[in-house]
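Asker: Structure: model.csv, CSV, C-alpha atoms.
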```csv
chain,number,residue,atom,x,y,z
Z,5,MET,CA,-85.2,-95.3,200.4
Z,6,LEU,CA,-81.7,-95.0,201.8
Z,7,PHE,CA,-81.6,-91.3,201.1
Z,8,THR,CA,-85.0,-90.2,202.3
Z,9,PRO,CA,-85.3,-88.3,205.6
Z,10,HIS,CA,-86.6,-89.8,208.8
Z,11,ASP,CA,-87.8,-88.1,212.0
Z,12,LEU,CA,-86.3,-89.5,215.1
Z,13,GLY,CA,-87.8,-87.7,218.1
Z,14,SER,CA,-86.9,-84.0,217.5
Z,15,LEU,CA,-84.1,-84.9,215.1
Z,16,ARG,CA,-84.6,-84.8,211.3
Z,17,LEU,CA,-82.3,-87.4,209.8
Z,18,PRO,CA,-81.3,-86.6,206.2
Z,19,ASN,CA,-80.8,-90.3,205.3
Z,20,ARG,CA,-81.5,-93.8,206.8
Z,21,LEU,CA,-77.9,-94.7,207.4
Z,22,VAL,CA,-76.7,-95.0,211.0
Z,23,MET,CA,-73.0,-95.3,212.0
Z,24,ALA,CA,-73.0,-98.3,214.3
Z,25,PRO,CA,-71.1,-98.1,217.6
Z,26,MET,CA,-67.5,-99.4,217.4
Z,27,THR,CA,-65.0,-99.6,220.1
Z,28,ARG,CA,-61.8,-97.8,219.0
Z,29,SER,CA,-59.8,-97.6,222.3
Z,30,ARG,CA,-58.2,-94.3,221.7
Z,31,ALA,CA,-59.3,-92.3,224.8
Z,32,TYR,CA,-56.8,-90.9,227.3
Z,33,VAL,CA,-56.1,-93.1,230.4
Z,34,GLU,CA,-58.6,-90.9,232.3
Z,35,GLY,CA,-61.4,-91.9,230.0
Z,36,ILE,CA,-61.3,-88.5,228.2
Z,37,PRO,CA,-61.8,-88.5,224.4
Z,38,SER,CA,-58.9,-86.9,222.5
Z,39,PRO,CA,-59.0,-84.2,219.8
Z,40,LEU,CA,-58.6,-87.0,217.3
Z,41,THR,CA,-61.9,-88.4,218.4
Z,42,ALA,CA,-63.6,-85.2,217.6
Z,43,LEU,CA,-62.1,-85.3,214.1
Z,44,TYR,CA,-63.0,-88.9,213.6
Z,45,TYR,CA,-66.7,-88.4,214.3
Z,46,ALA,CA,-66.9,-85.0,212.5
Z,47,GLN,CA,-65.6,-86.7,209.4
Z,48,ARG,CA,-68.6,-89.1,209.5
Z,49,ALA,CA,-71.2,-86.4,210.1
Z,50,SER,CA,-73.0,-87.1,206.9
Z,51,ALA,CA,-74.5,-90.3,208.5
Z,52,GLY,CA,-78.1,-89.9,209.3
Z,53,LEU,CA,-77.2,-90.6,212.9
Z,54,ILE,CA,-73.9,-91.4,214.6
Z,55,VAL,CA,-73.9,-93.8,217.6
Z,56,THR,CA,-70.6,-93.5,219.5
Z,57,GLU,CA,-68.4,-96.3,220.8
Z,58,GLY,CA,-69.4,-97.7,224.1
Z,59,VAL,CA,-68.9,-95.1,227.0
Z,60,GLN,CA,-68.7,-96.4,230.5
Z,61,PRO,CA,-71.2,-94.8,233.0
Z,62,SER,CA,-68.8,-95.4,236.0
Z,63,ALA,CA,-65.3,-96.5,236.7
Z,64,ALA,CA,-66.7,-100.0,237.5
Z,65,GLY,CA,-68.3,-100.1,234.0
Z,66,GLN,CA,-65.0,-100.1,232.2
Z,67,GLY,CA,-63.7,-103.4,230.8
Z,68,TYR,CA,-61.2,-102.5,228.1
Z,69,MET,CA,-58.1,-100.3,227.9
Z,70,ASN,CA,-58.5,-96.6,226.8
Z,71,THR,CA,-62.2,-96.5,226.5
Z,72,PRO,CA,-64.0,-93.2,227.2
Z,73,GLY,CA,-66.3,-92.5,230.1
Z,74,LEU,CA,-69.2,-90.1,231.1
Z,75,HIS,CA,-68.8,-90.0,234.8
Z,76,THR,CA,-66.4,-87.0,235.4
Z,77,ASP,CA,-66.5,-83.4,234.5
Z,78,GLU,CA,-63.3,-83.7,232.5
Z,79,GLN,CA,-64.9,-86.5,230.4
Z,80,VAL,CA,-68.0,-84.3,229.8
Z,81,ALA,CA,-65.7,-81.4,228.6
Z,82,GLY,CA,-63.9,-83.8,226.3
Z,83,TRP,CA,-67.1,-85.0,224.8
Z,84,ARG,CA,-68.4,-81.5,224.4
Z,85,GLU,CA,-65.5,-80.9,221.9
Z,86,VAL,CA,-66.7,-84.0,220.0
Z,87,THR,CA,-70.4,-83.0,219.8
Z,88,ASP,CA,-69.5,-79.5,218.9
Z,89,ALA,CA,-67.4,-80.7,216.0
Z,90,VAL,CA,-70.1,-83.1,214.8
Z,91,HIS,CA,-72.8,-80.5,215.0
Z,92,ALA,CA,-70.6,-77.9,213.2
Z,93,ALA,CA,-70.3,-80.4,210.4
Z,94,GLY,CA,-74.1,-80.8,210.2
Z,95,GLY,CA,-74.3,-84.2,212.0
Z,96,ARG,CA,-76.4,-85.8,214.8
Z,97,ILE,CA,-74.8,-87.9,217.5
Z,98,VAL,CA,-75.9,-90.1,220.4
Z,99,ALA,CA,-73.7,-91.6,223.1
Z,100,GLN,CA,-73.8,-95.4,223.6
Z,101,ILE,CA,-73.7,-96.0,227.4
Z,102,MET,CA,-72.0,-99.3,227.9
Z,103,HIS,CA,-71.2,-101.1,231.2
Z,104,ALA,CA,-68.9,-104.0,230.4
Z,105,GLY,CA,-70.0,-106.0,233.4
Z,106,GLY,CA,-68.1,-109.2,233.9
Z,107,VAL,CA,-65.9,-108.5,230.8
Z,108,GLY,CA,-62.8,-106.9,232.2
Z,109,HIS,CA,-59.4,-107.4,233.9
Z,110,PRO,CA,-57.6,-105.8,236.8
Z,111,ASP,CA,-54.7,-104.9,234.5
Z,112,ASN,CA,-57.0,-102.7,232.5
Z,113,THR,CA,-58.9,-101.1,235.3
Z,114,GLY,CA,-57.3,-101.7,238.6
Z,115,ARG,CA,-60.3,-103.8,239.9
Z,116,LEU,CA,-62.1,-107.0,239.3
Z,117,PRO,CA,-65.0,-106.8,237.0
Z,118,VAL,CA,-68.6,-106.9,238.4
Z,119,ALA,CA,-71.5,-108.9,237.0
Z,120,PRO,CA,-74.9,-110.3,237.8
Z,121,SER,CA,-73.3,-113.4,239.1
Z,122,ALA,CA,-69.8,-114.7,240.1
Z,123,VAL,CA,-69.1,-116.4,236.8
Z,124,ARG,CA,-66.3,-116.1,234.2
Z,125,LEU,CA,-67.4,-114.4,231.0
Z,126,GLY,CA,-65.6,-114.7,227.8
Z,127,GLU,CA,-62.3,-116.5,227.4
Z,128,GLN,CA,-59.6,-113.8,227.1
Z,129,ILE,CA,-59.3,-110.0,227.1
Z,130,PHE,CA,-56.5,-107.8,225.8
Z,131,THR,CA,-54.4,-106.1,228.5
Z,132,PRO,CA,-51.3,-104.0,228.5
Z,133,THR,CA,-49.2,-107.2,228.6
Z,134,GLY,CA,-51.2,-109.0,225.9
Z,135,PRO,CA,-54.2,-111.3,226.0
Z,136,GLN,CA,-55.1,-112.8,229.4
Z,137,ASP,CA,-57.8,-115.0,230.7
Z,138,THR,CA,-60.8,-113.1,232.1
Z,139,PRO,CA,-61.2,-113.6,235.8
Z,140,VAL,CA,-64.3,-114.7,237.7
Z,141,ALA,CA,-66.5,-111.6,238.2
Z,142,VAL,CA,-67.6,-110.2,241.5
Z,143,GLU,CA,-71.4,-110.6,242.0
Z,144,LEU,CA,-73.2,-107.3,242.4
Z,145,SER,CA,-75.4,-107.1,245.6
Z,146,THR,CA,-79.0,-106.1,245.2
Z,147,GLU,CA,-78.1,-102.6,246.5
Z,148,GLU,CA,-75.2,-102.4,244.0
Z,149,VAL,CA,-77.5,-103.3,241.1
Z,150,GLU,CA,-79.8,-100.5,242.1
Z,151,ALA,CA,-76.9,-98.1,242.3
Z,152,THR,CA,-75.8,-99.2,238.9
Z,153,VAL,CA,-79.2,-98.2,237.5
Z,154,GLY,CA,-78.5,-94.8,238.9
Z,155,ASP,CA,-75.1,-94.7,237.3
Z,156,PHE,CA,-76.7,-95.1,233.9
Z,157,ALA,CA,-79.2,-92.3,234.6
Z,158,ALA,CA,-76.4,-90.0,235.8
Z,159,ALA,CA,-74.3,-90.8,232.7
Z,160,ALA,CA,-77.3,-89.9,230.5
Z,161,ARG,CA,-77.6,-86.5,232.1
Z,162,ARG,CA,-73.9,-86.0,231.6
Z,163,ALA,CA,-74.3,-86.9,227.9
Z,164,VAL,CA,-77.0,-84.2,227.5
Z,165,ASP,CA,-74.7,-81.8,229.3
Z,166,ALA,CA,-71.9,-82.7,226.9
Z,167,GLY,CA,-74.1,-81.8,223.9
Z,168,PHE,CA,-75.2,-85.2,222.7
Z,169,ASP,CA,-78.6,-85.5,220.9
Z,170,GLY,CA,-79.5,-88.5,223.0
Z,171,VAL,CA,-78.2,-91.9,224.3
Z,172,GLU,CA,-78.3,-95.5,223.4
Z,173,LEU,CA,-78.3,-98.1,226.2
Z,174,HIS,CA,-76.0,-101.0,225.3
Z,175,GLY,CA,-78.0,-104.1,226.0
Z,176,ALA,CA,-76.2,-106.3,223.5
Z,177,ASN,CA,-73.0,-108.1,222.7
Z,178,GLY,CA,-72.5,-109.8,226.1
Z,179,TYR,CA,-72.1,-106.7,228.3
Z,180,LEU,CA,-73.9,-105.9,231.6
Z,181,ILE,CA,-77.5,-105.4,230.5
Z,182,HIS,CA,-77.2,-108.5,228.2
Z,183,GLN,CA,-75.6,-110.5,231.0
Z,184,PHE,CA,-78.7,-109.9,233.2
Z,185,LEU,CA,-80.9,-111.4,230.3
Z,186,SER,CA,-78.8,-114.5,230.0
Z,187,GLN,CA,-79.4,-117.9,231.6
Z,188,ASN,CA,-75.8,-118.7,232.3
Z,189,ALA,CA,-74.5,-115.3,233.3
Z,190,ASN,CA,-77.4,-114.5,235.6
Z,191,LEU,CA,-77.8,-117.1,238.3
Z,192,ARG,CA,-79.3,-114.7,240.9
Z,193,ASP,CA,-82.1,-115.6,243.3
Z,194,ASP,CA,-83.2,-112.0,244.1
Z,195,ARG,CA,-85.7,-110.0,242.0
Z,196,TYR,CA,-83.1,-109.4,239.3
Z,197,GLY,CA,-82.8,-113.1,238.4
Z,198,GLY,CA,-84.6,-116.4,237.9
Z,199,SER,CA,-87.8,-115.9,235.9
Z,200,VAL,CA,-88.0,-114.0,232.6
Z,201,GLU,CA,-89.6,-111.2,234.5
Z,202,GLY,CA,-86.7,-111.1,236.9
Z,203,ARG,CA,-84.0,-111.3,234.2
Z,204,ILE,CA,-85.4,-108.4,232.2
Z,205,ARG,CA,-85.9,-106.2,235.3
Z,206,PHE,CA,-82.5,-104.6,235.2
Z,207,ALA,CA,-82.9,-103.6,231.5
Z,208,VAL,CA,-86.3,-102.2,232.1
Z,209,GLU,CA,-85.4,-100.3,235.3
Z,210,THR,CA,-82.4,-98.9,233.7
Z,211,ALA,CA,-84.3,-97.7,230.7
Z,212,LYS,CA,-87.0,-96.2,232.9
Z,213,ALA,CA,-84.4,-94.3,235.0
Z,214,VAL,CA,-82.8,-92.9,231.9
Z,215,VAL,CA,-86.1,-91.9,230.5
Z,216,ASP,CA,-87.1,-90.2,233.8
Z,217,GLU,CA,-83.8,-88.3,233.6
Z,218,ILE,CA,-83.7,-87.0,230.0
Z,219,GLY,CA,-87.0,-88.0,228.4
Z,220,PRO,CA,-88.0,-90.9,226.1
Z,221,SER,CA,-87.4,-88.9,222.9
Z,222,ARG,CA,-83.6,-89.0,223.7
Z,223,VAL,CA,-83.3,-92.6,224.6
Z,224,GLY,CA,-82.7,-95.7,222.5
Z,225,ILE,CA,-81.5,-99.2,223.3
Z,226,ARG,CA,-79.5,-101.8,221.4
Z,227,LEU,CA,-80.3,-105.6,221.7
Z,228,SER,CA,-78.7,-108.7,220.2
Z,229,PRO,CA,-80.9,-111.7,220.8
Z,230,LEU,CA,-79.2,-115.1,220.3
Z,231,ASN,CA,-75.8,-113.4,219.9
Z,232,GLY,CA,-73.8,-115.6,222.1
Z,233,ALA,CA,-71.1,-113.0,222.7
Z,234,GLN,CA,-68.9,-113.5,225.7
Z,235,GLY,CA,-70.2,-117.1,225.9
Z,236,LEU,CA,-73.8,-116.0,226.9
Z,237,VAL,CA,-76.5,-118.7,226.6
Z,238,GLU,CA,-80.1,-117.7,225.7
Z,239,GLU,CA,-82.1,-120.8,225.1
Z,240,ASP,CA,-85.3,-119.0,226.0
Z,241,ALA,CA,-84.7,-115.9,223.8
Z,242,HIS,CA,-88.1,-116.3,222.1
Z,243,GLU,CA,-89.7,-115.7,225.5
Z,244,VAL,CA,-87.2,-113.2,227.0
Z,245,TYR,CA,-87.0,-110.7,224.1
Z,246,PRO,CA,-90.8,-110.3,223.3
Z,247,ALA,CA,-91.3,-109.7,227.0
Z,248,LEU,CA,-88.5,-107.2,227.1
Z,249,VAL,CA,-89.5,-105.4,224.0
Z,250,SER,CA,-93.1,-105.1,225.1
Z,251,ALA,CA,-91.9,-103.6,228.4
Z,252,LEU,CA,-89.6,-101.2,226.7
Z,253,ALA,CA,-92.3,-100.2,224.2
Z,254,GLY,CA,-94.4,-99.1,227.2
Z,255,LEU,CA,-91.6,-96.6,228.1
Z,256,ASP,CA,-91.9,-95.0,224.6
Z,257,LEU,CA,-88.1,-95.2,223.9
Z,258,VAL,CA,-87.4,-93.3,220.6
Z,259,TYR,CA,-85.7,-96.3,219.0
Z,260,LEU,CA,-84.7,-99.9,219.3
Z,261,HIS,CA,-81.4,-100.9,217.6
Z,262,LEU,CA,-81.6,-104.6,216.8
Z,263,LEU,CA,-78.7,-106.9,215.8
Z,264,ALA,CA,-80.6,-109.1,213.4
Z,265,THR,CA,-80.8,-112.8,214.3
Z,266,GLY,CA,-81.8,-114.2,210.9
Z,267,THR,CA,-84.7,-116.0,212.6
Z,268,ASP,CA,-88.4,-115.4,213.0
Z,269,LEU,CA,-87.6,-113.5,216.2
Z,270,ASP,CA,-86.7,-110.5,214.1
Z,271,ALA,CA,-90.2,-110.2,212.7
Z,272,ARG,CA,-91.7,-110.8,216.1
Z,273,ILE,CA,-89.7,-107.9,217.5
Z,274,ARG,CA,-90.7,-105.7,214.5
Z,275,ASP,CA,-94.3,-106.4,215.2
Z,276,LEU,CA,-94.0,-105.6,218.9
Z,277,TRP,CA,-92.0,-102.4,218.5
Z,278,PRO,CA,-94.1,-99.3,217.8
Z,279,ASN,CA,-91.3,-96.7,217.3
Z,280,THR,CA,-88.2,-96.4,215.1
Z,281,LEU,CA,-86.4,-99.7,214.5
Z,282,ILE,CA,-82.7,-99.6,213.5
Z,283,VAL,CA,-81.4,-102.9,212.2
Z,284,ASN,CA,-77.8,-104.0,212.0
Z,285,ASP,CA,-77.5,-107.1,209.8
Z,286,PRO,CA,-74.1,-108.9,210.4
Z,287,ALA,CA,-75.0,-111.3,207.6
Z,288,ALA,CA,-75.1,-108.6,204.9
Z,289,THR,CA,-72.0,-108.6,202.6
Z,290,ASP,CA,-72.9,-105.6,200.4
Z,291,PRO,CA,-73.5,-102.5,202.5
Z,292,GLY,CA,-75.7,-100.7,200.1
Z,293,ALA,CA,-77.8,-103.6,198.9
Z,294,GLY,CA,-78.0,-105.1,202.4
Z,295,ALA,CA,-79.2,-101.8,203.8
Z,296,ALA,CA,-81.8,-101.4,201.1
Z,297,GLU,CA,-83.1,-104.9,201.6
Z,298,ARG,CA,-83.5,-104.3,205.4
Z,299,LEU,CA,-85.5,-101.1,204.7
Z,300,ARG,CA,-87.8,-103.1,202.4
Z,301,TRP,CA,-88.1,-105.8,205.1
Z,302,GLY,CA,-89.4,-103.2,207.6
Z,303,ALA,CA,-86.5,-101.5,209.3
Z,304,ASP,CA,-86.7,-97.7,209.5
Z,305,LEU,CA,-83.0,-97.1,209.7
Z,306,VAL,CA,-80.0,-99.4,209.0
Z,307,ALA,CA,-76.7,-99.4,211.0
Z,308,LEU,CA,-73.4,-100.1,209.3
Z,309,GLY,CA,-70.1,-100.5,211.2
Z,310,LYS,CA,-66.9,-101.3,209.3
Z,311,SER,CA,-68.1,-99.6,206.2
Z,312,PHE,CA,-68.3,-96.3,208.2
Z,313,LEU,CA,-65.0,-97.0,209.9
Z,314,ALA,CA,-63.2,-97.0,206.5
Z,315,ASN,CA,-65.4,-94.6,204.6
Z,316,PRO,CA,-66.0,-91.2,206.3
Z,317,ASP,CA,-68.2,-90.2,203.3
Z,318,LEU,CA,-70.1,-93.5,203.1
Z,319,PRO,CA,-73.5,-92.0,202.3
Z,320,LEU,CA,-72.0,-90.2,199.3
Z,321,ARG,CA,-70.2,-93.3,198.1
Z,322,LEU,CA,-73.3,-95.4,198.3
Z,323,ARG,CA,-75.4,-92.7,196.5
Z,324,VAL,CA,-73.0,-92.4,193.5
Z,325,GLY,CA,-71.9,-96.0,193.4
Z,326,ALA,CA,-68.3,-95.3,194.2
Z,327,PRO,CA,-65.9,-98.0,195.4
Z,328,LEU,CA,-65.4,-98.4,199.1
Z,329,ASN,CA,-62.2,-98.3,201.1
Z,330,GLU,CA,-61.5,-101.6,202.9
Z,331,PRO,CA,-61.0,-101.3,206.7
Z,332,ASP,CA,-57.6,-102.1,208.1
Z,333,LEU,CA,-58.6,-104.1,211.2
Z,334,SER,CA,-55.0,-104.2,212.5
Z,335,THR,CA,-55.6,-100.5,213.4
Z,336,ALA,CA,-59.1,-101.0,214.8
Z,337,PHE,CA,-58.2,-100.8,218.5
Z,338,GLY,CA,-55.8,-98.3,219.9
Z,339,GLY,CA,-53.0,-96.4,218.2
Z,340,ASP,CA,-52.9,-93.0,216.6
Z,341,HIS,CA,-54.5,-91.4,213.5
Z,342,ARG,CA,-53.6,-94.3,211.3
Z,343,GLY,CA,-56.7,-96.3,210.5
Z,344,TYR,CA,-58.7,-93.8,212.5
Z,345,THR,CA,-58.8,-90.4,210.8
Z,346,ASP,CA,-56.7,-90.9,207.6
Z,347,TYR,CA,-59.1,-92.9,205.4
Z,348,PRO,CA,-59.5,-91.0,202.1
Z,349,THR,CA,-62.7,-89.4,200.9
Z,350,LEU,CA,-64.0,-88.9,197.4
Z,351,ALA,CA,-63.4,-85.2,197.7
Z,352,LEU,CA,-59.7,-85.9,198.3
Z,353,HIS,CA,-59.5,-88.8,195.8
Z,354,PRO,CA,-62.2,-88.3,193.2
Z,355,ALA,CA,-61.4,-91.6,191.5
Z,356,GLY,CA,-62.4,-93.5,194.6
Z,357,ALA,CA,-60.5,-95.5,197.2
```
Let me see whether you can do it: turn the structure in this file into structure tokens.

Answerer:
Amino acid sequence: MLFTPHDLGSLRLPNRLVMAPMTRSRAYVEGIPSPLTALYYAQRASAGLIVTEGVQPSAAGQGYMNTPGLHTDEQVAGWREVTDAVHAAGGRIVAQIMHAGGVGHPDNTGRLPVAPSAVRLGEQIFTPTGPQDTPVAVELSTEEVEATVGDFAAAARRAVDAGFDGVELHGANGYLIHQFLSQNANLRDDRYGGSVEGRIRFAVETAKAVVDEIGPSRVGIRLSPLNGAQGLVEEDAHEVYPALVSALAGLDLVYLHLLATGTDLDARIRDLWPNTLIVNDPAATDPGAGAAERLRWGADLVALGKSFLANPDLPLRLRVGAPLNEPDLSTAFGGDHRGYTDYPTLALHPAGA
């Protein structure tokens, strides 16, 4: 099943393997992707679908050093080089729009991070001078929340202008959309907080604004229930996520990208979601066997991260049973071509890694 086609909106995917989004921190200071970024993604164009690293929709959405954006003309031009390279290599690519929310530091961005509430998220963050404690975030006003919804929609339009085949909204891993869902990160008393309906409102309004801007067949969303990233607490996840998924299903998003929980919540979400379901299973230890098992379980597509990082030709390696390169995680964030575009392929090294 891994190598059967799948229709995703207007895209015909040649296989069921998705390259998961992975922060690489190799953009220029202005948030513009470099020519190395174009090579990196083009090398992995044999994936059924590529989801980029998180891309900030505004200057306020940046949390980490050297992450790319989609809020200036120069950034759009830089991404056009990436999408052109991927399409020339026969691939399909969507931009993951990620607002880091309260996960940030002034030494990275020149400003305090903003979040649903004035709380401290996470413990430390890497900065130019090394790891530092994350500060207490600045609470967004109701009007600023509404403006942030607009930032996502504007970034989605810029993504299409840059040649992307669509966008994925990052609602996972402890960042802004996820923060609104959480009990300890969202302490608001306006319409964006309090009840389950209030806490899912930002995610739903953002998805609707993006759908209105570029159409539902180009929009997916990533969720990570019970993830706990950045210290988030979700004791009522079994109420929040069914409500959220039901609301998103009503918008006809083309896909839901789920970070598997290993609980019965996964099956509940599968039952509620009518369109393509991408599953990323962090518990899987064998990429090929784990992906096949998830397809048998009911996923339509399977996302793999580190395996794609270290194996540009991962679909071929899994198809022929070739050994996999091991990722060098010391080069995962920042740096040059080393650990980025220099992993060997079977064509270069027929005997394997």

Asker: For a quick check of understanding, using only C-alpha atoms, which of Z:Val142, Z:Ala163, Z:Ala351, Z:Leu269 has the smallest distance to Z:Asp240?

Answerer: Z:Leu269

Asker: Which of these residues is nearest to Z:Pro39, using all atoms listed in the file: Z:Met69, Z:Ala64, Z:Ala81, Z:Ala326?

Answerer: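 So, comparing all the options, the nearest one is Z:Ala81.
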
Asker: Which residues come within 7 Å of stretch 95-112 of chain Z, counting all atoms listed in the file, excluding same-chain residues fewer than 6 positions away, as a PyMOL selection string?

Answerer: chain Z and resi 49-50+53-61+65-69+87+118-119+125-126+129+131-132+138-139+141+163+168-174+179-180

Asker: If you measure from atom CA of Z:Thr146 to atom CA of Z:Val80, what distance in Å do you get, rounded to one decimal?

Answerer: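 So the two atoms, atom CA of Z:Thr146 and atom CA of Z:Val80, lie 28.9 Å apart.
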
Asker: Choose the residue, out of Z:Gly338, Z:Thr289, Z:Leu116, Z:Arg226, that has the smallest atom-to-atom separation from Z:Pro25; count all atoms listed in the file.

Answerer: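 Nearest to Z:Pro25: Z:Arg226.
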
Asker: Find the residues near Z:Val140: any atom within 7 Å, counting all atoms listed in the file, skip ones fewer than 6 places away on the same chain, and give them as a ChimeraX atom specification.

Answerer: /Z:122-124

Asker: Determine the nearest neighbour of Z:Leu40 from the options Z:Asp304, Z:Asp216, Z:Glu85, Z:Asp77, counting all atoms listed in the file.

Answerer: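 Closest to Z:Leu40 of all the choices is Z:Glu85.
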
Asker: Which is closest to Z:Gln128 among Z:Gly154, Z:Asn329, Z:Gln234, Z:Glu209, if we use all atoms listed in the file?

Answerer: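 Comparing Z:Gly154, Z:Asn329, Z:Gln234, Z:Glu209 against Z:Gln128, the winner is Z:Gln234.
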
Asker: To one decimal in Å, tell me the separation between atom CA of Z:Ala288 and atom CA of Z:Arg30.

Answerer: 27.8 Å

Asker: Interatomic distance between atom CA of Z:Val324 and atom CA of Z:Gly52?

Answerer: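 Between atom CA of Z:Val324 and atom CA of Z:Gly52 the gap works out to 16.8 Å.
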
Asker: Do you know which residues lie at most 12 Å from (-92.0, -104.5, 229.6), with coordinates as in the file and only C-alpha atoms counted, and could you write them as a PyMOL selection string?

Answerer: chain Z and resi 200-212+244-257+276-277

Asker: Please save C-alpha atoms of the selected residues as a PDB file, keeping the file's coordinate frame.

Answerer:
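Below you can see out38.pdb, which holds the result:
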```pdb
ATOM      1  CA  VAL Z 200     -88.000-114.000 232.600  1.00  0.00           C
ATOM      2  CA  GLU Z 201     -89.600-111.200 234.500  1.00  0.00           C
ATOM      3  CA  GLY Z 202     -86.700-111.100 236.900  1.00  0.00           C
ATOM      4  CA  ARG Z 203     -84.000-111.300 234.200  1.00  0.00           C
ATOM      5  CA  ILE Z 204     -85.400-108.400 232.200  1.00  0.00           C
ATOM      6  CA  ARG Z 205     -85.900-106.200 235.300  1.00  0.00           C
ATOM      7  CA  PHE Z 206     -82.500-104.600 235.200  1.00  0.00           C
ATOM      8  CA  ALA Z 207     -82.900-103.600 231.500  1.00  0.00           C
ATOM      9  CA  VAL Z 208     -86.300-102.200 232.100  1.00  0.00           C
ATOM     10  CA  GLU Z 209     -85.400-100.300 235.300  1.00  0.00           C
ATOM     11  CA  THR Z 210     -82.400 -98.900 233.700  1.00  0.00           C
ATOM     12  CA  ALA Z 211     -84.300 -97.700 230.700  1.00  0.00           C
ATOM     13  CA  LYS Z 212     -87.000 -96.200 232.900  1.00  0.00           C
ATOM     14  CA  VAL Z 244     -87.200-113.200 227.000  1.00  0.00           C
ATOM     15  CA  TYR Z 245     -87.000-110.700 224.100  1.00  0.00           C
ATOM     16  CA  PRO Z 246     -90.800-110.300 223.300  1.00  0.00           C
ATOM     17  CA  ALA Z 247     -91.300-109.700 227.000  1.00  0.00           C
ATOM     18  CA  LEU Z 248     -88.500-107.200 227.100  1.00  0.00           C
ATOM     19  CA  VAL Z 249     -89.500-105.400 224.000  1.00  0.00           C
ATOM     20  CA  SER Z 250     -93.100-105.100 225.100  1.00  0.00           C
ATOM     21  CA  ALA Z 251     -91.900-103.600 228.400  1.00  0.00           C
ATOM     22  CA  LEU Z 252     -89.600-101.200 226.700  1.00  0.00           C
ATOM     23  CA  ALA Z 253     -92.300-100.200 224.200  1.00  0.00           C
ATOM     24  CA  GLY Z 254     -94.400 -99.100 227.200  1.00  0.00           C
ATOM     25  CA  LEU Z 255     -91.600 -96.600 228.100  1.00  0.00           C
ATOM     26  CA  ASP Z 256     -91.900 -95.000 224.600  1.00  0.00           C
ATOM     27  CA  LEU Z 257     -88.100 -95.200 223.900  1.00  0.00           C
ATOM     28  CA  LEU Z 276     -94.000-105.600 218.900  1.00  0.00           C
ATOM     29  CA  TRP Z 277     -92.000-102.400 218.500  1.00  0.00           C
TER      30      TRP Z 277
END
```

Asker: Which is closer to Z:Ala42 than all the others in Z:Leu281, Z:Ala287, Z:Ala89, Z:Leu74, using all atoms listed in the file?

Answerer: Z:Ala89

Asker: Please identify all polymer residues within 12 Å of Z:Arg28, counting only C-alpha atoms, omitting same-chain residues fewer than 6 positions from it, and present them as a VMD selection string.

Answerer: chain Z and resid 37 to 38 40 to 41 44 to 45 56 to 59 68 to 72 309 to 310 313 333 to 345
